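First up is the structure itself, then whatever we jot down about it.
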Amino acid sequence: MKHIGVLTSGGDAPGMNAAIRAVVRVAVNNGLKVTGILEGYNGLVKNNFIPIDSHSVSGIIQRGGTFLRAARSPEFHTIEGQKNAADNMKKNEMDGLIVIGGDGTFRGANDFSSRFAFPVIGIPGTIDNDIYGTEYTIGYDTCLNTVVEAVDKIRDTASSHNRIFFVEVMGHESGFVAMHSGLACGAEVILIPEQKNQLEKARNFLSARARTNKSSVILVAEGVEGGTMAIAEKMQAEFPQFEIRVSVLGYIQRGGSPSARDRILASELGTAAVHALLKGKSACMVGFINGKLHYESFNTAVKMHKKVNVDFVRMAESIGTYTPMD
């Protein structure tokens, strides 16, 4: 192992730059040459490479997003596209690859590694925290802090006008952001996509709330069946005595300077990824479970679904948050 490449793919997440920084500096300190691949798998297919050294990653640990950028690459999903990527790695005498991203990134890495026998190690970077094989992903902690800060401000106006706010956060298939940020900001209701019949659960809560006429924050993951806006509109029609508003936090959840926790996690995982390549590992991601370094095969990571811990649901209910379970 003399020369490795590093790329970021999928949705950006705060802390990706910190992970790149760690990969580069640990690799250089172990005598490796490092190449940065711009715009993810698209850059791998198009031979869009840049040399990186320790100086190149100076001053990026505090920056959100990814300075290597990320882009979709339909071409990489084809055999021809992956062959082009493999040829480009061979031409540049690259011996291994580190990919930073989420589920889609690892699916691509798994196909590529198995088809062309290139050593590939993954670093989980996604605000959704939905990757199997690690307790936390890079960007998740910063996302939670962003949501909590926004909801705290929304609650101020909700309380001033006795309004009910439906606040939508990211999470197409996973309720981690909604669940944990909802607990942290004291949301009265948390609706997550892992559970069904959320419209009925919201209706039951508002029926009980009608007797008190107090303001409330209902935190909704974007993947909840029916959709946040439609649920809010139905509830407004059924409970005209309430002023119901919807706030979609959107892409502000992806941005911002990474938290200390995300910077440290990114540094740990970046270091572990380089060492994994040096140890001859491949087709796996690095993560942490119970505070210990864990290697999970891409094959398992993309097939298994990481679920919200039911203990958090019970805890939320015990401290007064209406978190409906089927």
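In the structure tokens, chains take the letters A, B, ... in the order shown, each chain's residues start at 1, and ligands count up from 1 in the order shown.
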
request  = With a distance cut-off of 12 Å and only C-alpha atoms, select the neighbouring residues of Met229 (chain A), excluding the residue or stretch itself and same-chain residues fewer than 5 positions from it, and output the selection as a PyMOL selection string.
outcome  = chain A and resi 165-168+199+220-224+234-236+244-248

inquiry  = Give me, as a PyMOL selection string, the residues of region 61-170 of chain A that a backbone DSSP run labels alpha helix (DSSP H).
reply    = chain A and resi 79-91+103-116+140-161

request  = Return the single residue from A:Val6, A:Val28, A:Ala71, A:Val177 that is closest to Val99 (chain A), with distances computed using only C-alpha atoms.
outcome  =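 Using only C-alpha atoms, the shortest distance to Val99 (chain A) belongs to A:Val6.
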
query = Taking the backbone alone, and naming residues the way the document does, which bits of region 157-241 of chain A are strand (DSSP E) by DSSP, as a ChimeraX atom specification?
reply = /A:163-169,189-191,216-221

His305 (chain A) surroundings by only C-alpha atoms, 10 Å radius, close-in-sequence under 5 positions cut, as a PyMOL selection string = chain A and resi 130-133+173-174+300

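For the pair CA of Gly186 (chain A) and CA of Ile252 (chain A), the separation is 20.4 Å.
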
Selection: 9 Å around His294 (chain A), only C-alpha atoms, excl. self and same-chain fewer than 6 positions, as a list in words =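 Counting only the stated atoms, we get Gly133, Thr134, Met285, Val286, Gly287 and Phe288 of chain A.
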
key: Counting only C-alpha atoms, the option among A:Met170, A:Ile127, A:Leu206, A:Leu44 closest to Phe76 (chain A)   =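 Of A:Met170, A:Ile127, A:Leu206, A:Leu44, the one nearest Phe76 (chain A), counting only C-alpha atoms, is A:Leu44.
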